[in-house]
$ cat run.cif   # mmCIF, C-alpha atoms
data_start
loop_
_atom_site.label_atom_id
_atom_site.label_comp_id
_atom_site.auth_asym_id
_atom_site.auth_seq_id
_atom_site.Cartn_x
_atom_site.Cartn_y
_atom_site.Cartn_z
CA MET Z 14 -1.74 30.50 14.70
CA THR Z 15 -3.31 27.83 12.52
CA SER Z 16 -2.78 24.12 12.65
CA ALA Z 17 -1.57 24.06 9.05
CA SER Z 18 -2.41 20.36 9.11
CA PRO Z 19 -3.49 18.52 5.98
CA LEU Z 20 -5.27 16.06 8.28
CA ALA Z 21 -7.61 18.76 9.57
CA ASP Z 22 -8.77 19.45 6.01
CA ARG Z 23 -9.35 15.74 5.30
CA LEU Z 24 -11.42 14.76 8.33
CA ASP Z 25 -15.03 14.62 7.27
CA GLY Z 26 -17.98 12.26 7.12
CA VAL Z 27 -18.46 9.23 9.37
CA LEU Z 28 -15.34 8.42 11.38
CA PHE Z 29 -14.75 4.66 11.48
CA PHE Z 30 -13.25 3.04 14.60
CA PRO Z 31 -12.57 -0.59 13.62
CA VAL Z 32 -12.43 -3.38 16.17
CA THR Z 33 -9.27 -5.46 16.42
CA PRO Z 34 -10.04 -9.10 15.49
CA TYR Z 35 -8.42 -11.98 17.32
CA ALA Z 36 -7.89 -15.51 16.09
CA PRO Z 37 -8.98 -18.56 18.16
CA ASP Z 38 -5.49 -18.75 19.70
CA GLY Z 39 -5.79 -15.15 20.91
CA THR Z 40 -3.37 -13.56 18.47
CA VAL Z 41 -4.32 -10.59 16.32
CA ASP Z 42 -5.97 -11.77 13.10
CA LEU Z 43 -4.49 -9.39 10.55
CA ASP Z 44 -6.39 -10.95 7.64
CA ALA Z 45 -9.70 -10.31 9.38
CA TYR Z 46 -8.55 -6.82 10.33
CA ARG Z 47 -7.65 -6.12 6.72
CA ALA Z 48 -11.09 -7.27 5.57
CA HIS Z 49 -12.79 -5.18 8.30
CA VAL Z 50 -10.95 -2.00 7.32
CA ARG Z 51 -11.52 -2.64 3.63
CA ARG Z 52 -15.26 -3.10 4.14
CA GLY Z 53 -15.46 0.11 6.13
CA VAL Z 54 -13.61 2.20 3.58
CA ASP Z 55 -15.60 0.69 0.72
CA ALA Z 56 -18.82 1.45 2.61
CA GLY Z 57 -17.94 5.14 2.78
CA ALA Z 58 -15.93 5.84 5.94
CA GLY Z 59 -14.55 9.36 6.14
CA ALA Z 60 -11.48 8.26 8.12
CA VAL Z 61 -10.11 5.19 9.90
CA PHE Z 62 -9.16 5.53 13.57
CA ALA Z 63 -7.02 2.43 14.10
CA CYS Z 64 -6.23 0.89 17.49
CA CYS Z 65 -8.21 3.38 19.54
CA GLY Z 66 -10.81 2.65 22.23
CA THR Z 67 -13.06 0.41 20.14
CA GLY Z 68 -9.91 -1.21 18.76
CA GLU Z 69 -8.76 -2.21 22.26
CA PHE Z 70 -5.62 -0.07 22.27
CA HIS Z 71 -5.17 -0.96 25.93
CA ALA Z 72 -4.85 -4.67 25.11
CA LEU Z 73 -2.33 -4.46 22.24
CA THR Z 74 1.43 -4.87 22.39
CA PRO Z 75 3.49 -2.26 20.53
CA GLU Z 76 4.25 -4.86 17.86
CA GLU Z 77 0.56 -5.68 17.37
CA PHE Z 78 -0.29 -2.00 17.31
CA ALA Z 79 2.30 -1.31 14.60
CA ALA Z 80 1.10 -4.23 12.51
CA CYS Z 81 -2.55 -3.11 12.67
CA VAL Z 82 -1.74 0.50 11.82
CA GLY Z 83 0.33 -0.70 8.87
CA VAL Z 84 -2.54 -2.83 7.59
CA ALA Z 85 -4.98 0.09 7.95
CA VAL Z 86 -2.65 2.34 5.95
CA GLU Z 87 -2.25 -0.31 3.26
CA GLU Z 88 -5.98 -0.92 2.94
CA THR Z 89 -6.99 2.74 2.84
CA ALA Z 90 -4.28 3.39 0.22
CA GLY Z 91 -4.63 7.13 0.75
CA ARG Z 92 -8.37 7.20 0.06
CA VAL Z 93 -9.09 8.39 3.60
CA PRO Z 94 -6.77 9.35 6.47
CA VAL Z 95 -5.65 6.91 9.14
CA VAL Z 96 -5.44 8.14 12.73
CA ALA Z 97 -3.82 5.87 15.32
CA GLY Z 98 -4.25 5.75 19.07
CA ALA Z 99 -1.45 6.70 21.47
CA GLY Z 100 -1.54 6.51 25.22
CA TYR Z 101 -0.16 5.52 28.63
CA GLY Z 102 2.58 7.71 30.10
CA THR Z 103 4.45 10.29 28.07
CA ALA Z 104 7.37 8.05 27.09
CA LEU Z 105 5.15 5.17 25.94
CA ALA Z 106 2.75 7.54 24.16
CA ALA Z 107 5.71 8.97 22.25
CA HIS Z 108 6.84 5.42 21.42
CA PHE Z 109 3.43 4.54 19.99
CA ALA Z 110 3.48 7.82 18.09
CA ARG Z 111 6.80 6.88 16.47
CA LEU Z 112 5.45 3.45 15.53
CA ALA Z 113 2.36 5.04 13.97
CA HIS Z 114 4.50 7.49 12.02
CA GLU Z 115 6.79 4.71 10.77
CA ARG Z 116 3.76 2.74 9.55
CA GLY Z 117 2.36 5.70 7.62
CA ALA Z 118 -0.44 7.03 9.84
CA ASP Z 119 -1.73 10.53 9.18
CA GLY Z 120 -2.37 11.53 12.78
CA LEU Z 121 -2.80 10.49 16.41
CA LEU Z 122 -5.66 10.28 18.87
CA ALA Z 123 -4.02 10.89 22.26
CA MET Z 124 -5.72 8.77 24.92
CA PRO Z 125 -5.84 9.83 28.59
CA PRO Z 126 -2.66 9.05 30.53
CA TYR Z 127 -2.59 5.75 32.37
CA LEU Z 128 -4.13 5.61 35.86
CA VAL Z 129 -2.99 8.91 37.39
CA HIS Z 130 -5.26 11.90 38.00
CA ALA Z 131 -3.00 14.79 37.08
CA GLY Z 132 -3.62 18.49 37.47
CA GLN Z 133 -4.03 20.85 34.55
CA GLN Z 134 -0.34 21.76 34.36
CA GLY Z 135 0.65 18.10 34.38
CA LEU Z 136 -1.82 17.26 31.62
CA LEU Z 137 -0.59 20.19 29.56
CA ARG Z 138 3.03 19.07 29.99
CA HIS Z 139 2.09 15.56 28.89
CA TYR Z 140 0.30 16.53 25.68
CA ARG Z 141 2.84 19.19 24.78
CA ALA Z 142 5.63 16.65 25.18
CA LEU Z 143 3.77 14.15 23.01
CA ALA Z 144 3.14 16.74 20.31
CA ALA Z 145 6.82 17.73 20.37
CA ALA Z 146 7.89 14.08 20.05
CA THR Z 147 6.09 13.41 16.77
CA GLU Z 148 5.58 14.91 13.35
CA LEU Z 149 2.00 13.65 13.33
CA PRO Z 150 -0.86 16.01 14.19
CA VAL Z 151 -2.49 15.18 17.53
CA VAL Z 152 -6.14 15.13 18.59
CA VAL Z 153 -6.48 15.11 22.38
CA TYR Z 154 -9.16 12.88 23.90
CA GLN Z 155 -11.04 14.39 26.85
CA ARG Z 156 -12.55 11.77 29.16
CA ASP Z 157 -12.09 9.98 32.49
CA ASN Z 158 -8.88 11.31 34.09
CA ALA Z 159 -8.14 13.83 31.31
CA VAL Z 160 -10.69 16.62 31.73
CA PHE Z 161 -9.61 20.13 30.81
CA THR Z 162 -10.47 23.64 31.80
CA PRO Z 163 -11.11 26.12 28.98
CA GLU Z 164 -7.76 27.76 29.79
CA THR Z 165 -5.92 24.46 29.30
CA VAL Z 166 -7.61 23.84 25.95
CA VAL Z 167 -6.63 27.36 24.84
CA ALA Z 168 -3.04 26.42 25.68
CA LEU Z 169 -3.41 23.15 23.76
CA ALA Z 170 -4.83 25.00 20.76
CA ARG Z 171 -1.72 27.21 20.78
CA THR Z 172 0.55 24.14 20.93
CA PRO Z 173 2.19 23.29 17.58
CA GLY Z 174 0.95 19.93 16.37
CA VAL Z 175 -2.24 19.77 18.47
CA ILE Z 176 -5.16 20.18 16.07
CA GLY Z 177 -8.27 19.24 18.02
CA LEU Z 178 -10.19 17.95 21.01
CA LYS Z 179 -12.34 14.83 21.08
CA ASP Z 180 -14.90 15.12 23.85
CA GLY Z 181 -15.88 11.88 25.56
CA LEU Z 182 -17.09 13.61 28.71
CA GLY Z 183 -20.47 14.93 27.57
CA ASP Z 184 -20.50 18.10 29.68
CA LEU Z 185 -21.98 20.49 27.10
CA ASP Z 186 -21.70 23.49 29.40
CA LEU Z 187 -17.96 22.90 29.74
CA LEU Z 188 -17.56 22.23 26.03
CA GLN Z 189 -19.40 25.44 25.12
CA ARG Z 190 -17.07 27.39 27.41
CA ILE Z 191 -14.06 25.65 25.85
CA ILE Z 192 -15.17 26.48 22.32
CA SER Z 193 -15.88 30.08 23.27
CA ALA Z 194 -12.52 30.47 25.03
CA VAL Z 195 -10.55 29.08 22.10
CA ARG Z 196 -12.52 31.23 19.66
CA THR Z 197 -11.79 34.41 21.59
CA GLU Z 198 -8.34 33.75 23.06
CA ALA Z 199 -6.74 31.77 20.22
CA PRO Z 200 -8.61 33.29 17.27
CA GLY Z 201 -6.11 32.14 14.66
CA ALA Z 202 -6.21 28.49 15.72
CA ASP Z 203 -7.88 26.15 13.24
CA PHE Z 204 -9.02 23.85 16.05
CA LEU Z 205 -11.29 20.84 15.54
CA TYR Z 206 -13.87 19.41 17.92
CA PHE Z 207 -15.24 15.87 17.94
CA ASN Z 208 -18.15 14.25 19.73
CA GLY Z 209 -16.50 11.19 21.25
CA LEU Z 210 -19.24 9.76 23.45
CA PRO Z 211 -19.66 5.96 23.19
CA THR Z 212 -22.75 6.18 20.95
CA ALA Z 213 -22.20 9.67 19.60
CA GLU Z 214 -25.24 9.67 17.33
CA LEU Z 215 -27.55 9.89 20.34
CA THR Z 216 -26.12 13.30 21.25
CA GLY Z 217 -25.34 14.34 17.67
CA PRO Z 218 -28.06 17.01 17.43
CA ALA Z 219 -26.96 18.60 20.73
CA TYR Z 220 -23.29 18.71 19.68
CA LEU Z 221 -24.23 20.04 16.26
CA GLY Z 222 -25.99 22.87 18.06
CA LEU Z 223 -22.57 23.84 19.47
CA GLY Z 224 -21.05 23.68 16.01
CA VAL Z 225 -19.43 20.26 16.53
CA ARG Z 226 -20.08 18.26 13.37
CA LEU Z 227 -17.39 15.56 13.63
CA TYR Z 228 -18.13 12.44 15.66
CA SER Z 229 -16.91 8.90 16.14
CA SER Z 230 -19.33 6.16 15.11
CA ALA Z 231 -18.96 2.77 16.77
CA VAL Z 232 -22.14 1.71 14.96
CA PHE Z 233 -20.38 2.15 11.62
CA ALA Z 234 -18.16 -0.83 12.53
CA PHE Z 235 -21.10 -3.23 12.23
CA ALA Z 236 -23.95 -1.28 10.61
CA PRO Z 237 -22.50 1.24 8.16
CA GLU Z 238 -25.85 1.58 6.39
CA ILE Z 239 -27.48 2.87 9.55
CA ALA Z 240 -24.54 5.10 10.51
CA LEU Z 241 -24.38 6.68 7.06
CA ALA Z 242 -28.13 7.23 6.89
CA PHE Z 243 -28.09 8.94 10.27
CA HIS Z 244 -25.11 11.12 9.35
CA ARG Z 245 -26.75 12.15 6.09
CA ALA Z 246 -29.98 13.02 7.88
CA LEU Z 247 -28.21 14.94 10.63
CA THR Z 248 -26.09 17.03 8.27
CA THR Z 249 -28.95 17.79 5.86
CA GLY Z 250 -31.51 18.68 8.53
CA ASP Z 251 -33.72 15.64 7.89
CA ARG Z 252 -35.16 15.63 11.39
CA ALA Z 253 -37.75 12.95 10.66
CA THR Z 254 -35.04 10.39 9.80
CA VAL Z 255 -32.88 11.48 12.74
CA ASP Z 256 -35.81 10.98 15.12
CA ARG Z 257 -36.84 7.66 13.54
CA LEU Z 258 -33.34 6.19 13.86
CA THR Z 259 -32.85 7.66 17.32
CA ASP Z 260 -36.13 6.30 18.67
CA GLY Z 261 -36.03 2.95 16.91
CA PHE Z 262 -32.34 2.10 16.96
CA TYR Z 263 -29.87 4.36 18.77
CA ARG Z 264 -31.74 4.85 22.06
CA PRO Z 265 -32.46 1.10 22.40
CA LEU Z 266 -28.82 0.40 21.51
CA VAL Z 267 -27.61 2.68 24.30
CA ASP Z 268 -30.04 1.01 26.72
CA LEU Z 269 -28.61 -2.36 25.71
CA ARG Z 270 -25.02 -1.11 25.87
CA ASN Z 271 -25.61 0.01 29.44
CA GLN Z 272 -26.52 -3.53 30.51
CA GLY Z 273 -22.89 -4.62 30.88
CA HIS Z 274 -19.44 -3.32 31.71
CA GLY Z 275 -17.25 -2.91 28.64
CA TYR Z 276 -20.16 -3.25 26.23
CA ALA Z 277 -19.02 -0.12 24.40
CA VAL Z 278 -16.38 -2.46 22.95
CA SER Z 279 -17.56 -6.06 23.40
CA LEU Z 280 -21.09 -5.44 22.10
CA ILE Z 281 -19.72 -3.65 19.02
CA LYS Z 282 -17.46 -6.61 18.37
CA ALA Z 283 -20.48 -8.91 18.68
CA GLY Z 284 -22.21 -6.75 16.09
CA VAL Z 285 -19.27 -7.20 13.71
CA ARG Z 286 -19.59 -10.96 14.12
CA LEU Z 287 -23.33 -10.78 13.46
CA ARG Z 288 -22.58 -9.10 10.13
CA GLY Z 289 -20.45 -12.01 8.97
CA LEU Z 290 -16.86 -11.18 10.00
CA ASP Z 291 -15.35 -13.42 12.67
CA ALA Z 292 -13.60 -10.81 14.82
CA GLY Z 293 -13.23 -13.10 17.83
CA GLU Z 294 -13.90 -12.03 21.40
CA VAL Z 295 -12.46 -9.16 23.40
CA ARG Z 296 -9.28 -9.59 25.41
CA PRO Z 297 -9.21 -9.49 29.21
CA PRO Z 298 -9.93 -7.57 31.33
CA LEU Z 299 -13.02 -7.11 29.12
CA ALA Z 300 -15.46 -10.01 28.84
CA PRO Z 301 -17.84 -11.17 26.10
CA PRO Z 302 -21.42 -9.90 26.29
CA ASP Z 303 -24.18 -12.08 27.67
CA PRO Z 304 -25.55 -14.30 24.85
CA ARG Z 305 -29.04 -12.97 25.57
CA HIS Z 306 -27.81 -9.46 24.91
CA VAL Z 307 -26.22 -10.57 21.64
CA GLU Z 308 -29.60 -11.91 20.53
CA GLU Z 309 -31.19 -8.61 21.52
CA LEU Z 310 -28.55 -6.86 19.41
CA ARG Z 311 -29.38 -9.13 16.48
CA ALA Z 312 -33.06 -8.21 16.68
CA LEU Z 313 -32.28 -4.52 17.11
CA LEU Z 314 -29.95 -4.57 14.11
CA ASP Z 315 -32.59 -6.22 11.95
CA HIS Z 316 -35.13 -3.64 13.08
CA GLY Z 317 -32.71 -0.76 12.54
CA LEU Z 318 -32.15 -1.78 8.95
CA THR Z 319 -35.89 -1.63 8.28
CA LEU Z 320 -35.90 2.01 9.42
CA LEU Z 321 -33.61 3.16 6.63
CA PRO Z 322 -34.98 5.42 3.91
CA GLY Z 323 -36.37 3.15 1.21
CA GLY Z 324 -38.06 0.70 3.55
CA SER Z 325 -37.47 -2.85 4.64
CA ASP Z 326 -36.90 -4.45 1.22
CA GLY Z 327 -33.68 -2.58 0.52
CA ALA Z 328 -32.55 -2.91 4.12
CA ASN Z 329 -33.05 -6.67 4.19
CA GLY Z 330 -31.10 -6.97 0.98
CA ALA Z 331 -28.26 -5.02 2.50
CA ALA Z 332 -28.36 -7.23 5.59
CA ASP Z 333 -28.25 -10.40 3.53
CA GLY Z 334 -25.28 -9.10 1.57
CA ALA Z 335 -23.40 -8.10 4.70
CA ARG Z 336 -23.90 -11.55 6.24
CA ALA Z 337 -22.77 -13.43 3.16
#

$ encode --input "run.cif" --output "structure tokens"
Amino acid sequence: MTSASPLADRLDGVLFFPVTPYAPDGTVDLDAYRAHVRRGVDAGAGAVFACCGTGEFHALTPEEFAACVGVAVEETAGRVPVVAGAGYGTALAAHFARLAHERGADGLLAMPPYLVHAGQQGLLRHYRALAAATELPVVVYQRDNAVFTPETVVALARTPGVIGLKDGLGDLDLLQRIISAVRTEAPGADFLYFNGLPTAELTGPAYLGLGVRLYSSAVFAFAPEIALAFHRALTTGDRATVDRLTDGFYRPLVDLRNQGHGYAVSLIKAGVRLRGLDAGEVRPPLAPPDPRHVEELRALLDHGLTLLPGGSDGANGAADGARA
């Protein structure tokens, strides 16, 4: 069977995961969110994944979630698809799915269930129930307490409404076995795979070797020039640019990200602020990054922009414009 999903045909390019801005009083700043999404789409995002991990799905009320998804849909205006997060237990995940559908989203990224470590049959029941509860196509996110055997992914690929797997685990042996199993045991399934590691560009060449070309880019949220240049180099076989950006920007960024808990979100949000958009801080239980690490990020960002094709003059101009 095939997914027969228009979303599957539209997902391409750099996948943008916007942060969720907060005002000084702690409420969601929808004006800042609107500007953030608009900048990303104008910069060349291939899709907008609203209220997912980088967007602090875990910290949003259903009402805030619905408002943000609605703003993302309005700002994209059909230019690129909008995929919304959905998670927690089955009933709440279905509720978020309904809210996303009502606000015009094109699909869902199904987060791992809350807290529990379920067996394969329980996970399969959960995602099948979510897919049955919504008209939106579902991408299942593998990470943490939602890790699948190849047999389970074959069953997911045969499930109406489930169109893909986002891998945030990083076990390439397992992923190769999953891809092979789906290819041989569900040969008619038009199933998508995504690299969903926190800084996916660092493992982009390895995933591409497995045939996985789609990936989430947290860097795009604050440095779209760098993210787009890397994506272009990776997809065209420009190994020199891939290596230059990996060695000079992405590897140091991962080293910096690993200096603090929650930096996969809070450090990205700091990067958005460095580029001139006041996105506020993260909500508890996450905490802001150490100010010293923010300064290291500033220096790394400035250096990364000088590594772009065309040299430092064009990069500095882009940086000045982004900070204005």

$ residues_around --input "run.cif" --residues "range 34-50 of chain Z" --least-positions-apart "5" --cutoff "8 Å" --atoms "all atoms listed in the file" --output "ChimeraX atom specification"
/Z:61,77,80-81,84-85,88-89,290-296

$ resolve_selection --input "run.cif" --expression "the PyMOL selection byres ((chain Z and resi 224) around 12)" --output "count of residues only"
22

$ residues_around --input "run.cif" --residues "range 149-161 of chain Z" --least-positions-apart "2" --cutoff "6 Å" --atoms "all atoms listed in the file" --output "ChimeraX atom specification"
/Z:120-125,130,147,165,174-182

$ write_last_selection --input "run.cif" --atoms "C-alpha atoms" --output "mmCIF file, in the coordinates of the input"
data_model
loop_
_atom_site.group_PDB
_atom_site.id
_atom_site.type_symbol
_atom_site.label_atom_id
_atom_site.label_comp_id
_atom_site.auth_asym_id
_atom_site.auth_seq_id
_atom_site.Cartn_x
_atom_site.Cartn_y
_atom_site.Cartn_z
ATOM 1 C CA GLY Z 120 -2.370 11.530 12.780
ATOM 2 C CA LEU Z 121 -2.800 10.490 16.410
ATOM 3 C CA LEU Z 122 -5.660 10.280 18.870
ATOM 4 C CA ALA Z 123 -4.020 10.890 22.260
ATOM 5 C CA MET Z 124 -5.720 8.770 24.920
ATOM 6 C CA PRO Z 125 -5.840 9.830 28.590
ATOM 7 C CA HIS Z 130 -5.260 11.900 38.000
ATOM 8 C CA THR Z 147 6.090 13.410 16.770
ATOM 9 C CA THR Z 165 -5.920 24.460 29.300
ATOM 10 C CA GLY Z 174 0.950 19.930 16.370
ATOM 11 C CA VAL Z 175 -2.240 19.770 18.470
ATOM 12 C CA ILE Z 176 -5.160 20.180 16.070
ATOM 13 C CA GLY Z 177 -8.270 19.240 18.020
ATOM 14 C CA LEU Z 178 -10.190 17.950 21.010
ATOM 15 C CA LYS Z 179 -12.340 14.830 21.080
ATOM 16 C CA ASP Z 180 -14.900 15.120 23.850
ATOM 17 C CA GLY Z 181 -15.880 11.880 25.560
ATOM 18 C CA LEU Z 182 -17.090 13.610 28.710
#

$ resolve_selection --input "run.cif" --expression "the PyMOL selection byres ((chain Z and resi 251-256) around 12)" --output "PyMOL selection string"
chain Z and resi 214-218+239-250+257-264+317+320-324

$ write_last_selection --input "run.cif" --atoms "C-alpha atoms" --output "tab-separated table (two decimals), in the coordinates of the input"
chain	number	residue	atom	x	y	z
Z	214	GLU	CA	-25.24	9.67	17.33
Z	215	LEU	CA	-27.55	9.89	20.34
Z	216	THR	CA	-26.12	13.30	21.25
Z	217	GLY	CA	-25.34	14.34	17.67
Z	218	PRO	CA	-28.06	17.01	17.43
Z	239	ILE	CA	-27.48	2.87	9.55
Z	240	ALA	CA	-24.54	5.10	10.51
Z	241	LEU	CA	-24.38	6.68	7.06
Z	242	ALA	CA	-28.13	7.23	6.89
Z	243	PHE	CA	-28.09	8.94	10.27
Z	244	HIS	CA	-25.11	11.12	9.35
Z	245	ARG	CA	-26.75	12.15	6.09
Z	246	ALA	CA	-29.98	13.02	7.88
Z	247	LEU	CA	-28.21	14.94	10.63
Z	248	THR	CA	-26.09	17.03	8.27
Z	249	THR	CA	-28.95	17.79	5.86
Z	250	GLY	CA	-31.51	18.68	8.53
Z	257	ARG	CA	-36.84	7.66	13.54
Z	258	LEU	CA	-33.34	6.19	13.86
Z	259	THR	CA	-32.85	7.66	17.32
Z	260	ASP	CA	-36.13	6.30	18.67
Z	261	GLY	CA	-36.03	2.95	16.91
Z	262	PHE	CA	-32.34	2.10	16.96
Z	263	TYR	CA	-29.87	4.36	18.77
Z	264	ARG	CA	-31.74	4.85	22.06
Z	317	GLY	CA	-32.71	-0.76	12.54
Z	320	LEU	CA	-35.90	2.01	9.42
Z	321	LEU	CA	-33.61	3.16	6.63
Z	322	PRO	CA	-34.98	5.42	3.91
Z	323	GLY	CA	-36.37	3.15	1.21
Z	324	GLY	CA	-38.06	0.70	3.55

$ atom_distance --input "run.cif" --atom1 "CA of Phe70 in chain Z" --atom2 "CA of Ala118 in chain Z"
15.2 Å

$ residues_near_point --input "run.cif" --point "(-19.6, -12.6, 15.2)" --cutoff "12 Å" --atoms "all atoms listed in the file" --output "ChimeraX atom specification"
/Z:32,34-35,45,235,279-295,301-302,304,307-308,310-311,336

$ atom_distance --input "run.cif" --atom1 "CA of Ala144 in chain Z" --atom2 "CA of Pro173 in chain Z"
7.2 Å

$ closest_residue --input "run.cif" --among "Z:Arg92, Z:Arg138, Z:His71, Z:His274" --to "Gly53 in chain Z" --atoms "only C-alpha atoms"
Z:Arg92

$ resolve_selection --input "run.cif" --expression "the PyMOL selection byres ((chain Z and resi 200) around 12)" --output "ChimeraX atom specification"
/Z:14-16,167,170-171,192-199,201-204

$ closest_residue --input "run.cif" --among "Z:Val54, Z:Leu128, Z:Ala63, Z:Ala213" --to "Ala90 in chain Z" --atoms "only C-alpha atoms"
Z:Val54

$ atom_distance --input "run.cif" --atom1 "CA of Val166 in chain Z" --atom2 "CA of Ile191 in chain Z"
6.7 Å

$ closest_residue --input "run.cif" --among "Z:Ala142, Z:Leu20, Z:Ala234, Z:Leu318" --to "Thr33 in chain Z" --atoms "all atoms listed in the file"
Z:Ala234
